[in-house]
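Heads up: the structure comes next, in structure tokens.
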There are 2 protein chains.
Amino acid sequence: MARIDETAPSFGPEFAAAFRELVLWRRDVRRFRTDPLSETLVARLIELACHAPSVGNCQPWRFVLVDEPARRDAVRASFHRANRTALEGYDGEARALYARLKLEGLEAAPVHLAVFADETTERGAGLGRQTMPETLRYSVVGAVQTLWLAARAEGIGVGWISILEPDAVTEALDVPSDWTLVAYLCLGWPVEEHLDPELERAGWQARAAAAAAADFTLRR
Amino acid sequence: MARIDETAPSFGPEFAAAFRELVLWRRDVRRFRTDPLSETLVARLIELACHAPSVGNCQPWRFVLVDEPARRDAVRASFHRANRTALEGYDGEARALYARLKLEGLEAAPVHLAVFADETTERGAGLGRQTMPETLRYSVVGAVQTLWLAARAEGIGVGWISILEPDAVTEALDVPSDWTLVAYLCLGWPVEEHLDPELERAGWQARAAAAAAADFTLRR
């Protein structure tokens, strides 16, 4: 039986246009001001992220606010090790360019937020993830993208650092052993505002052409 | 050197409030009207999804519009097999409840959109995914969540079906062998509008309490 909630919002073309701008102006931020973000604001972002879709409604996201200097040091050390190894994988011009890239804002960002998937949650009773168990972790990614857009709407920058050793980070944060690290985020007020991705600006990898949607789409 | 693009938008509290509504009213839709979506509209959603963040800016998302009846049949058959097996994993009341759940809208939805990750893309030259290669697939999930919110902003419903055998679906769609199925989506005009998740309404799994953000957050 169909059910229509009369209070359901209709967003309209003006909102859709503003949402498009939000998506276009979201950036992976690596240059942060060091002044703090209010706890209320960060809690609000996390709360909204918890409304992301999740497989079987299992809500597997677990957020860890990393405050202790020793833990942040361990994360930064992990980045530096992983980044050195990554650099060694490139030769010639690519190597020189890679060495110049700014790939994280771990030093300046006032907020470090690690996001995990709780692999053993009983919520959802396994629904929807028998044949594609990875959808549990995918649900956490949906929460991250929701938080990212919500942050940008408030003018807050987010950077996702994946050049990390997940085991080392998980150990440094002392979380339950059945949590999987999905994302390590830096949050703070951005020093810059720009439309072009950082890696495009640096000459590493441009966005695909304007016809991207067509380039990326097949019909079957 | 900091760079401020003077044309950068400032979204303001009114937009942030509307964005919050968008996130709250996004639903996993399983009840669709059968009337078509315009191709322009679908292309616009995909185009915006291509502005999601991606590791090393590698843009690994590949979209497949599934039109051919034989291919749709193969996908539905895969759902029915996987769903029968899933049902057999529950006992007693849970089994009876599971059997009554409506878990997909494959029959009515005018648009089927499979979303893959191209595991061998050269874009990004591997940057950011040496230690966490799963971030390639995570990038595709960010695109899916972006598309989902963009669709909801236009009043279009999206449902993500994960009760599928990924190998069978990949084979049925005849895509390159190094593409990984990340999501199979149904799109169409929703029959219903409601704020509570389908699985909450059906008594399967409620959302966590209003204090969810705190419940889900640790400090370290």
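Identifiers in this document derive from the order of the structure tokens: chains are assigned A, B, ..., residues are numbered from 1 separately in each chain, and ligands are numbered from 1 in order of occurrence.
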Can you work out which residues from chain B touch chain A at a cut-off of 6 Å (counting only C-alpha atoms) and hand them back as a PDB file with all heavy atoms, in the first residue's frame?
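Produced file selection-v8.pdb, reproduced below:
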ATOM      1  N   ALA B   2      48.628  30.332  -0.958  1.00  0.00           N
ATOM      2  CA  ALA B   2      47.170  30.178  -0.877  1.00  0.00           C
ATOM      3  C   ALA B   2      46.505  30.803  -2.094  1.00  0.00           C
ATOM      4  O   ALA B   2      46.957  31.813  -2.622  1.00  0.00           O
ATOM      5  CB  ALA B   2      46.653  30.836   0.391  1.00  0.00           C
ATOM      6  N   ARG B   3      45.435  30.175  -2.515  1.00  0.00           N
ATOM      7  CA  ARG B   3      44.722  30.710  -3.652  1.00  0.00           C
ATOM      8  C   ARG B   3      43.236  30.756  -3.327  1.00  0.00           C
ATOM      9  O   ARG B   3      42.636  29.758  -2.960  1.00  0.00           O
ATOM     10  CB  ARG B   3      44.958  29.823  -4.862  1.00  0.00           C
ATOM     11  CG  ARG B   3      44.623  30.541  -6.161  1.00  0.00           C
ATOM     12  CD  ARG B   3      44.889  29.637  -7.311  1.00  0.00           C
ATOM     13  NE  ARG B   3      44.205  28.376  -7.106  1.00  0.00           N
ATOM     14  CZ  ARG B   3      44.033  27.464  -8.068  1.00  0.00           C
ATOM     15  NH1 ARG B   3      44.526  27.682  -9.265  1.00  0.00           N
ATOM     16  NH2 ARG B   3      43.402  26.342  -7.825  1.00  0.00           N
ATOM     17  N   ILE B   4      42.675  31.934  -3.427  1.00  0.00           N
ATOM     18  CA  ILE B   4      41.250  32.102  -3.151  1.00  0.00           C
ATOM     19  C   ILE B   4      40.560  32.495  -4.450  1.00  0.00           C
ATOM     20  O   ILE B   4      40.849  33.533  -5.026  1.00  0.00           O
ATOM     21  CB  ILE B   4      41.007  33.222  -2.110  1.00  0.00           C
ATOM     22  CG1 ILE B   4      41.802  32.989  -0.828  1.00  0.00           C
ATOM     23  CG2 ILE B   4      39.514  33.347  -1.818  1.00  0.00           C
ATOM     24  CD1 ILE B   4      41.315  31.869   0.044  1.00  0.00           C
ATOM     25  N   ASP B   5      39.689  31.641  -4.902  1.00  0.00           N
ATOM     26  CA  ASP B   5      38.873  31.947  -6.073  1.00  0.00           C
ATOM     27  C   ASP B   5      37.688  32.773  -5.591  1.00  0.00           C
ATOM     28  O   ASP B   5      36.881  32.311  -4.792  1.00  0.00           O
ATOM     29  CB  ASP B   5      38.403  30.635  -6.713  1.00  0.00           C
ATOM     30  CG  ASP B   5      37.614  30.883  -7.995  1.00  0.00           C
ATOM     31  OD1 ASP B   5      37.002  31.961  -8.130  1.00  0.00           O
ATOM     32  OD2 ASP B   5      37.614  29.981  -8.842  1.00  0.00           O
ATOM     33  N   PHE B  11      27.507  28.904   0.999  1.00  0.00           N
ATOM     34  CA  PHE B  11      26.198  28.265   0.886  1.00  0.00           C
ATOM     35  C   PHE B  11      25.161  28.784   1.873  1.00  0.00           C
ATOM     36  O   PHE B  11      23.982  28.810   1.570  1.00  0.00           O
ATOM     37  CB  PHE B  11      26.359  26.744   0.954  1.00  0.00           C
ATOM     38  CG  PHE B  11      27.042  26.205  -0.267  1.00  0.00           C
ATOM     39  CD1 PHE B  11      28.405  25.962  -0.272  1.00  0.00           C
ATOM     40  CD2 PHE B  11      26.324  26.008  -1.434  1.00  0.00           C
ATOM     41  CE1 PHE B  11      29.041  25.503  -1.422  1.00  0.00           C
ATOM     42  CE2 PHE B  11      26.945  25.539  -2.582  1.00  0.00           C
ATOM     43  CZ  PHE B  11      28.317  25.292  -2.571  1.00  0.00           C
ATOM     44  N   ALA B  16      22.226  24.892   4.043  1.00  0.00           N
ATOM     45  CA  ALA B  16      22.650  23.785   4.921  1.00  0.00           C
ATOM     46  C   ALA B  16      21.426  23.083   5.500  1.00  0.00           C
ATOM     47  O   ALA B  16      21.406  21.846   5.603  1.00  0.00           O
ATOM     48  CB  ALA B  16      23.568  24.305   6.023  1.00  0.00           C
ATOM     49  N   ILE B  46      24.392  11.207 -13.746  1.00  0.00           N
ATOM     50  CA  ILE B  46      25.689  10.534 -13.890  1.00  0.00           C
ATOM     51  C   ILE B  46      26.810  11.566 -13.991  1.00  0.00           C
ATOM     52  O   ILE B  46      27.871  11.420 -13.389  1.00  0.00           O
ATOM     53  CB  ILE B  46      25.678   9.588 -15.107  1.00  0.00           C
ATOM     54  CG1 ILE B  46      24.680   8.438 -14.864  1.00  0.00           C
ATOM     55  CG2 ILE B  46      27.074   9.040 -15.387  1.00  0.00           C
ATOM     56  CD1 ILE B  46      24.482   7.513 -16.054  1.00  0.00           C
ATOM     57  N   GLU B  47      26.542  12.622 -14.727  1.00  0.00           N
ATOM     58  CA  GLU B  47      27.567  13.652 -14.902  1.00  0.00           C
ATOM     59  C   GLU B  47      27.953  14.248 -13.547  1.00  0.00           C
ATOM     60  O   GLU B  47      29.139  14.436 -13.242  1.00  0.00           O
ATOM     61  CB  GLU B  47      27.060  14.742 -15.852  1.00  0.00           C
ATOM     62  CG  GLU B  47      28.137  15.707 -16.343  1.00  0.00           C
ATOM     63  CD  GLU B  47      28.362  16.893 -15.421  1.00  0.00           C
ATOM     64  OE1 GLU B  47      27.435  17.274 -14.656  1.00  0.00           O
ATOM     65  OE2 GLU B  47      29.471  17.444 -15.448  1.00  0.00           O
ATOM     66  N   ARG B  62      32.473   3.478 -13.565  1.00  0.00           N
ATOM     67  CA  ARG B  62      31.978   3.106 -14.897  1.00  0.00           C
ATOM     68  C   ARG B  62      30.509   2.776 -14.733  1.00  0.00           C
ATOM     69  O   ARG B  62      30.147   1.936 -13.899  1.00  0.00           O
ATOM     70  CB  ARG B  62      32.748   1.883 -15.445  1.00  0.00           C
ATOM     71  CG  ARG B  62      34.270   2.060 -15.497  1.00  0.00           C
ATOM     72  CD  ARG B  62      34.733   3.102 -16.524  1.00  0.00           C
ATOM     73  NE  ARG B  62      36.193   3.241 -16.542  1.00  0.00           N
ATOM     74  CZ  ARG B  62      36.870   4.206 -15.885  1.00  0.00           C
ATOM     75  NH1 ARG B  62      36.225   5.124 -15.176  1.00  0.00           N
ATOM     76  NH2 ARG B  62      38.187   4.251 -15.970  1.00  0.00           N
ATOM     77  N   PHE B  63      29.671   3.431 -15.514  1.00  0.00           N
ATOM     78  CA  PHE B  63      28.223   3.278 -15.395  1.00  0.00           C
ATOM     79  C   PHE B  63      27.700   2.449 -16.558  1.00  0.00           C
ATOM     80  O   PHE B  63      28.096   2.672 -17.702  1.00  0.00           O
ATOM     81  CB  PHE B  63      27.550   4.656 -15.405  1.00  0.00           C
ATOM     82  CG  PHE B  63      27.990   5.540 -14.268  1.00  0.00           C
ATOM     83  CD1 PHE B  63      29.083   6.384 -14.399  1.00  0.00           C
ATOM     84  CD2 PHE B  63      27.322   5.507 -13.055  1.00  0.00           C
ATOM     85  CE1 PHE B  63      29.506   7.190 -13.336  1.00  0.00           C
ATOM     86  CE2 PHE B  63      27.729   6.296 -11.986  1.00  0.00           C
ATOM     87  CZ  PHE B  63      28.828   7.140 -12.134  1.00  0.00           C
ATOM     88  N   VAL B  64      26.812   1.540 -16.260  1.00  0.00           N
ATOM     89  CA  VAL B  64      26.233   0.708 -17.314  1.00  0.00           C
ATOM     90  C   VAL B  64      24.707   0.803 -17.219  1.00  0.00           C
ATOM     91  O   VAL B  64      24.109   0.377 -16.223  1.00  0.00           O
ATOM     92  CB  VAL B  64      26.684  -0.757 -17.193  1.00  0.00           C
ATOM     93  CG1 VAL B  64      26.049  -1.604 -18.297  1.00  0.00           C
ATOM     94  CG2 VAL B  64      28.211  -0.854 -17.260  1.00  0.00           C
ATOM     95  N   LEU B  65      24.116   1.394 -18.238  1.00  0.00           N
ATOM     96  CA  LEU B  65      22.654   1.468 -18.318  1.00  0.00           C
ATOM     97  C   LEU B  65      22.162   0.154 -18.902  1.00  0.00           C
ATOM     98  O   LEU B  65      22.483  -0.181 -20.048  1.00  0.00           O
ATOM     99  CB  LEU B  65      22.239   2.650 -19.200  1.00  0.00           C
ATOM    100  CG  LEU B  65      22.382   4.007 -18.506  1.00  0.00           C
ATOM    101  CD1 LEU B  65      22.427   5.138 -19.517  1.00  0.00           C
ATOM    102  CD2 LEU B  65      21.244   4.208 -17.507  1.00  0.00           C
ATOM    103  N   VAL B  66      21.417  -0.573 -18.104  1.00  0.00           N
ATOM    104  CA  VAL B  66      20.991  -1.908 -18.508  1.00  0.00           C
ATOM    105  C   VAL B  66      19.593  -1.826 -19.107  1.00  0.00           C
ATOM    106  O   VAL B  66      18.611  -1.611 -18.394  1.00  0.00           O
ATOM    107  CB  VAL B  66      21.009  -2.872 -17.295  1.00  0.00           C
ATOM    108  CG1 VAL B  66      20.661  -4.290 -17.738  1.00  0.00           C
ATOM    109  CG2 VAL B  66      22.361  -2.829 -16.594  1.00  0.00           C
ATOM    110  N   ASP B  67      19.536  -1.944 -20.433  1.00  0.00           N
ATOM    111  CA  ASP B  67      18.274  -1.781 -21.147  1.00  0.00           C
ATOM    112  C   ASP B  67      17.711  -3.095 -21.665  1.00  0.00           C
ATOM    113  O   ASP B  67      16.506  -3.294 -21.687  1.00  0.00           O
ATOM    114  CB  ASP B  67      18.467  -0.846 -22.359  1.00  0.00           C
ATOM    115  CG  ASP B  67      18.861   0.556 -21.936  1.00  0.00           C
ATOM    116  OD1 ASP B  67      18.432   0.983 -20.846  1.00  0.00           O
ATOM    117  OD2 ASP B  67      19.609   1.218 -22.688  1.00  0.00           O
ATOM    118  N   GLY B 124      45.462   8.629 -12.465  1.00  0.00           N
ATOM    119  CA  GLY B 124      45.926   8.749 -11.092  1.00  0.00           C
ATOM    120  C   GLY B 124      47.259   8.060 -10.841  1.00  0.00           C
ATOM    121  O   GLY B 124      47.889   8.288  -9.812  1.00  0.00           O
ATOM    122  N   GLY B 128      47.870   7.172  -3.969  1.00  0.00           N
ATOM    123  CA  GLY B 128      46.957   7.083  -2.835  1.00  0.00           C
ATOM    124  C   GLY B 128      46.366   5.712  -2.595  1.00  0.00           C
ATOM    125  O   GLY B 128      45.625   5.525  -1.642  1.00  0.00           O
ATOM    126  N   THR B 131      48.688   1.411  -0.178  1.00  0.00           N
ATOM    127  CA  THR B 131      48.466   0.702   1.089  1.00  0.00           C
ATOM    128  C   THR B 131      46.992   0.398   1.321  1.00  0.00           C
ATOM    129  O   THR B 131      46.659  -0.482   2.104  1.00  0.00           O
ATOM    130  CB  THR B 131      48.977   1.539   2.289  1.00  0.00           C
ATOM    131  OG1 THR B 131      48.412   2.853   2.197  1.00  0.00           O
ATOM    132  CG2 THR B 131      50.499   1.622   2.291  1.00  0.00           C
ATOM    133  N   GLY B 142      31.410   6.755  -3.354  1.00  0.00           N
ATOM    134  CA  GLY B 142      31.166   8.200  -3.201  1.00  0.00           C
ATOM    135  C   GLY B 142      30.362   8.748  -4.362  1.00  0.00           C
ATOM    136  O   GLY B 142      29.485   9.604  -4.184  1.00  0.00           O
ATOM    137  N   GLN B 145      26.691   7.674  -3.865  1.00  0.00           N
ATOM    138  CA  GLN B 145      25.969   8.473  -2.873  1.00  0.00           C
ATOM    139  C   GLN B 145      25.674   9.869  -3.423  1.00  0.00           C
ATOM    140  O   GLN B 145      24.609  10.443  -3.165  1.00  0.00           O
ATOM    141  CB  GLN B 145      26.763   8.527  -1.557  1.00  0.00           C
ATOM    142  CG  GLN B 145      26.197   9.458  -0.474  1.00  0.00           C
ATOM    143  CD  GLN B 145      24.845   9.012   0.087  1.00  0.00           C
ATOM    144  OE1 GLN B 145      24.206   8.104  -0.416  1.00  0.00           O
ATOM    145  NE2 GLN B 145      24.398   9.681   1.127  1.00  0.00           N
ATOM    146  N   ALA B 153      17.083  15.095  -4.937  1.00  0.00           N
ATOM    147  CA  ALA B 153      16.829  16.533  -5.099  1.00  0.00           C
ATOM    148  C   ALA B 153      15.868  16.785  -6.257  1.00  0.00           C
ATOM    149  O   ALA B 153      15.108  17.749  -6.247  1.00  0.00           O
ATOM    150  CB  ALA B 153      18.143  17.285  -5.331  1.00  0.00           C
ATOM    151  N   SER B 162      21.856  -5.192  -3.331  1.00  0.00           N
ATOM    152  CA  SER B 162      23.118  -5.911  -3.092  1.00  0.00           C
ATOM    153  C   SER B 162      22.870  -7.414  -2.940  1.00  0.00           C
ATOM    154  O   SER B 162      23.810  -8.177  -2.738  1.00  0.00           O
ATOM    155  CB  SER B 162      23.816  -5.364  -1.847  1.00  0.00           C
ATOM    156  OG  SER B 162      22.973  -5.512  -0.714  1.00  0.00           O
ATOM    157  N   ILE B 163      21.609  -7.816  -3.019  1.00  0.00           N
ATOM    158  CA  ILE B 163      21.300  -9.251  -2.946  1.00  0.00           C
ATOM    159  C   ILE B 163      21.404  -9.793  -4.372  1.00  0.00           C
ATOM    160  O   ILE B 163      20.407 -10.047  -5.057  1.00  0.00           O
ATOM    161  CB  ILE B 163      19.903  -9.470  -2.315  1.00  0.00           C
ATOM    162  CG1 ILE B 163      19.848  -8.773  -0.948  1.00  0.00           C
ATOM    163  CG2 ILE B 163      19.599 -10.969  -2.163  1.00  0.00           C
ATOM    164  CD1 ILE B 163      18.477  -8.783  -0.296  1.00  0.00           C
ATOM    165  N   GLU B 165      24.452 -11.896  -7.157  1.00  0.00           N
ATOM    166  CA  GLU B 165      25.734 -12.589  -7.300  1.00  0.00           C
ATOM    167  C   GLU B 165      26.595 -11.735  -8.231  1.00  0.00           C
ATOM    168  O   GLU B 165      26.320 -11.668  -9.441  1.00  0.00           O
ATOM    169  CB  GLU B 165      25.491 -13.963  -7.919  1.00  0.00           C
ATOM    170  CG  GLU B 165      24.479 -14.817  -7.135  1.00  0.00           C
ATOM    171  CD  GLU B 165      23.646 -15.711  -8.049  1.00  0.00           C
ATOM    172  OE1 GLU B 165      23.196 -15.238  -9.124  1.00  0.00           O
ATOM    173  OE2 GLU B 165      23.438 -16.875  -7.692  1.00  0.00           O
ATOM    174  N   GLU B 192       6.040   6.267  -3.302  1.00  0.00           N
ATOM    175  CA  GLU B 192       5.826   6.746  -1.944  1.00  0.00           C
ATOM    176  C   GLU B 192       6.844   7.825  -1.583  1.00  0.00           C
ATOM    177  O   GLU B 192       7.887   7.943  -2.206  1.00  0.00           O
ATOM    178  CB  GLU B 192       6.008   5.595  -0.949  1.00  0.00           C
ATOM    179  CG  GLU B 192       5.185   4.383  -1.288  1.00  0.00           C
ATOM    180  CD  GLU B 192       5.409   3.254  -0.290  1.00  0.00           C
ATOM    181  OE1 GLU B 192       6.563   2.921  -0.006  1.00  0.00           O
ATOM    182  OE2 GLU B 192       4.408   2.737   0.206  1.00  0.00           O
ATOM    183  N   GLU B 193       6.511   8.552  -0.517  1.00  0.00           N
ATOM    184  CA  GLU B 193       7.459   9.471   0.113  1.00  0.00           C
ATOM    185  C   GLU B 193       7.308   9.270   1.602  1.00  0.00           C
ATOM    186  O   GLU B 193       6.214   9.407   2.143  1.00  0.00           O
ATOM    187  CB  GLU B 193       7.124  10.937  -0.210  1.00  0.00           C
ATOM    188  CG  GLU B 193       7.332  11.335  -1.650  1.00  0.00           C
ATOM    189  CD  GLU B 193       8.793  11.443  -2.055  1.00  0.00           C
ATOM    190  OE1 GLU B 193       9.673  11.151  -1.230  1.00  0.00           O
ATOM    191  OE2 GLU B 193       9.038  11.793  -3.211  1.00  0.00           O
ATOM    192  N   HIS B 194       8.371   8.891   2.258  1.00  0.00           N
ATOM    193  CA  HIS B 194       8.288   8.755   3.712  1.00  0.00           C
ATOM    194  C   HIS B 194       9.662   8.976   4.324  1.00  0.00           C
ATOM    195  O   HIS B 194      10.690   8.831   3.663  1.00  0.00           O
ATOM    196  CB  HIS B 194       7.726   7.381   4.113  1.00  0.00           C
ATOM    197  CG  HIS B 194       8.389   6.221   3.446  1.00  0.00           C
ATOM    198  ND1 HIS B 194       9.396   5.517   4.027  1.00  0.00           N
ATOM    199  CD2 HIS B 194       8.201   5.658   2.209  1.00  0.00           C
ATOM    200  CE1 HIS B 194       9.791   4.555   3.197  1.00  0.00           C
ATOM    201  NE2 HIS B 194       9.098   4.620   2.094  1.00  0.00           N
ATOM    202  N   GLN B 205      14.818  -3.547  11.173  1.00  0.00           N
ATOM    203  CA  GLN B 205      15.929  -2.872  11.852  1.00  0.00           C
ATOM    204  C   GLN B 205      15.635  -1.389  11.950  1.00  0.00           C
ATOM    205  O   GLN B 205      15.532  -0.711  10.937  1.00  0.00           O
ATOM    206  CB  GLN B 205      17.248  -3.086  11.097  1.00  0.00           C
ATOM    207  CG  GLN B 205      18.434  -2.305  11.669  1.00  0.00           C
ATOM    208  CD  GLN B 205      18.761  -2.720  13.087  1.00  0.00           C
ATOM    209  OE1 GLN B 205      19.041  -3.877  13.361  1.00  0.00           O
ATOM    210  NE2 GLN B 205      18.688  -1.790  14.051  1.00  0.00           N
ATOM    211  N   ALA B 213      24.881   9.938  16.919  1.00  0.00           N
ATOM    212  CA  ALA B 213      26.224  10.458  16.664  1.00  0.00           C
ATOM    213  C   ALA B 213      27.125  10.171  17.852  1.00  0.00           C
ATOM    214  O   ALA B 213      28.264   9.751  17.693  1.00  0.00           O
ATOM    215  CB  ALA B 213      26.159  11.954  16.382  1.00  0.00           C
ATOM    216  N   PHE B 216      27.969   6.454  18.225  1.00  0.00           N
ATOM    217  CA  PHE B 216      28.861   5.935  17.195  1.00  0.00           C
ATOM    218  C   PHE B 216      30.260   6.566  17.253  1.00  0.00           C
ATOM    219  O   PHE B 216      31.081   6.309  16.399  1.00  0.00           O
ATOM    220  CB  PHE B 216      28.261   6.185  15.804  1.00  0.00           C
ATOM    221  CG  PHE B 216      27.037   5.357  15.497  1.00  0.00           C
ATOM    222  CD1 PHE B 216      25.962   5.900  14.804  1.00  0.00           C
ATOM    223  CD2 PHE B 216      26.951   4.022  15.878  1.00  0.00           C
ATOM    224  CE1 PHE B 216      24.842   5.137  14.493  1.00  0.00           C
ATOM    225  CE2 PHE B 216      25.833   3.248  15.583  1.00  0.00           C
ATOM    226  CZ  PHE B 216      24.777   3.809  14.900  1.00  0.00           C
ATOM    227  N   THR B 217      30.479   7.423  18.263  1.00  0.00           N
ATOM    228  CA  THR B 217      31.735   8.194  18.267  1.00  0.00           C
ATOM    229  C   THR B 217      32.565   7.924  19.521  1.00  0.00           C
ATOM    230  O   THR B 217      32.053   7.963  20.625  1.00  0.00           O
ATOM    231  CB  THR B 217      31.415   9.703  18.174  1.00  0.00           C
ATOM    232  OG1 THR B 217      30.538   9.928  17.075  1.00  0.00           O
ATOM    233  CG2 THR B 217      32.668  10.515  17.960  1.00  0.00           C
ATOM    234  N   LEU B 218      33.817   7.637  19.299  1.00  0.00           N
ATOM    235  CA  LEU B 218      34.783   7.492  20.389  1.00  0.00           C
ATOM    236  C   LEU B 218      35.750   8.677  20.348  1.00  0.00           C
ATOM    237  O   LEU B 218      35.942   9.306  19.314  1.00  0.00           O
ATOM    238  CB  LEU B 218      35.631   6.229  20.200  1.00  0.00           C
ATOM    239  CG  LEU B 218      34.982   4.853  20.274  1.00  0.00           C
ATOM    240  CD1 LEU B 218      36.056   3.798  20.035  1.00  0.00           C
ATOM    241  CD2 LEU B 218      34.328   4.665  21.645  1.00  0.00           C
ATOM    242  N   ARG B 219      36.390   8.911  21.479  1.00  0.00           N
ATOM    243  CA  ARG B 219      37.502   9.880  21.506  1.00  0.00           C
ATOM    244  C   ARG B 219      38.772   9.120  21.837  1.00  0.00           C
ATOM    245  O   ARG B 219      38.786   8.245  22.674  1.00  0.00           O
ATOM    246  CB  ARG B 219      37.274  10.938  22.593  1.00  0.00           C
ATOM    247  CG  ARG B 219      36.214  11.915  22.221  1.00  0.00           C
ATOM    248  CD  ARG B 219      36.295  13.199  23.051  1.00  0.00           C
ATOM    249  NE  ARG B 219      35.484  14.203  22.425  1.00  0.00           N
ATOM    250  CZ  ARG B 219      35.912  15.076  21.530  1.00  0.00           C
ATOM    251  NH1 ARG B 219      37.182  15.117  21.175  1.00  0.00           N
ATOM    252  NH2 ARG B 219      35.078  15.937  20.990  1.00  0.00           N
ATOM    253  N   ARG B 220      39.818   9.477  21.152  1.00  0.00           N
ATOM    254  CA  ARG B 220      41.091   8.807  21.411  1.00  0.00           C
ATOM    255  C   ARG B 220      42.211   9.840  21.501  1.00  0.00           C
ATOM    256  O   ARG B 220      42.217  10.792  20.757  1.00  0.00           O
ATOM    257  CB  ARG B 220      41.423   7.813  20.283  1.00  0.00           C
ATOM    258  CG  ARG B 220      40.586   6.549  20.361  1.00  0.00           C
ATOM    259  CD  ARG B 220      41.051   5.694  21.551  1.00  0.00           C
ATOM    260  NE  ARG B 220      40.436   4.381  21.580  1.00  0.00           N
ATOM    261  CZ  ARG B 220      39.314   4.053  22.236  1.00  0.00           C
ATOM    262  NH1 ARG B 220      38.676   5.007  22.911  1.00  0.00           N
ATOM    263  NH2 ARG B 220      38.852   2.826  22.233  1.00  0.00           N
TER     264      ARG B 220
END
Could you pull out all residues of stretch 19-137 of chain B with a DSSP call of strand (DSSP E or B) and give them as a list in words?
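So the strand (DSSP E or B) residues in stretch 19-137 of chain B would be Asp28, Phe32, Trp61, Arg62, Phe63, Val64, Leu65, Val111, His112, Leu113, Ala114, Val115, Phe116, Ala117 and Asp118 of chain B.
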Selection export as a PDB file, in the first residue's frame, atoms kept: C-alpha atoms:
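result-v5.pdb written:
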ATOM      1  CA  ASP B  28      16.196   3.297  -0.540  1.00  0.00           C
ATOM      2  CA  PHE B  32       8.565   2.702  -8.517  1.00  0.00           C
ATOM      3  CA  TRP B  61      33.544   4.864 -11.929  1.00  0.00           C
ATOM      4  CA  ARG B  62      31.978   3.106 -14.897  1.00  0.00           C
ATOM      5  CA  PHE B  63      28.223   3.278 -15.395  1.00  0.00           C
ATOM      6  CA  VAL B  64      26.233   0.708 -17.314  1.00  0.00           C
ATOM      7  CA  LEU B  65      22.654   1.468 -18.318  1.00  0.00           C
ATOM      8  CA  VAL B 111      16.135   2.596 -15.257  1.00  0.00           C
ATOM      9  CA  HIS B 112      18.654  -0.035 -14.168  1.00  0.00           C
ATOM     10  CA  LEU B 113      22.116   1.368 -13.586  1.00  0.00           C
ATOM     11  CA  ALA B 114      25.034  -0.895 -12.712  1.00  0.00           C
ATOM     12  CA  VAL B 115      28.072   0.882 -11.319  1.00  0.00           C
ATOM     13  CA  PHE B 116      31.514  -0.656 -11.609  1.00  0.00           C
ATOM     14  CA  ALA B 117      35.060   0.160 -10.537  1.00  0.00           C
ATOM     15  CA  ASP B 118      37.694  -0.052 -13.269  1.00  0.00           C
TER      16      ASP B 118
END
Nearest to B:Glu93: which of B:Ala108, B:His80, B:Gly203, B:Thr120 is it, counting only C-alpha atoms?
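Residue with the minimum atom-to-atom distance to B:Glu93: B:Gly203.
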List every residue of stretch 74-136 of chain B that DSSP, applied to the backbone of this structure, places in helix (DSSP H, G or I), and write the result as a VMD selection string.
chain B and resid 74 to 88 92 to 100 123 to 126 135 to 136
Which residue, A:Arg100, A:Pro176, A:Ile156, A:Thr170, has the smallest gap to A:Leu37 when you use only C-alpha atoms?
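That would be A:Ile156, the residue with the smallest distance to A:Leu37.
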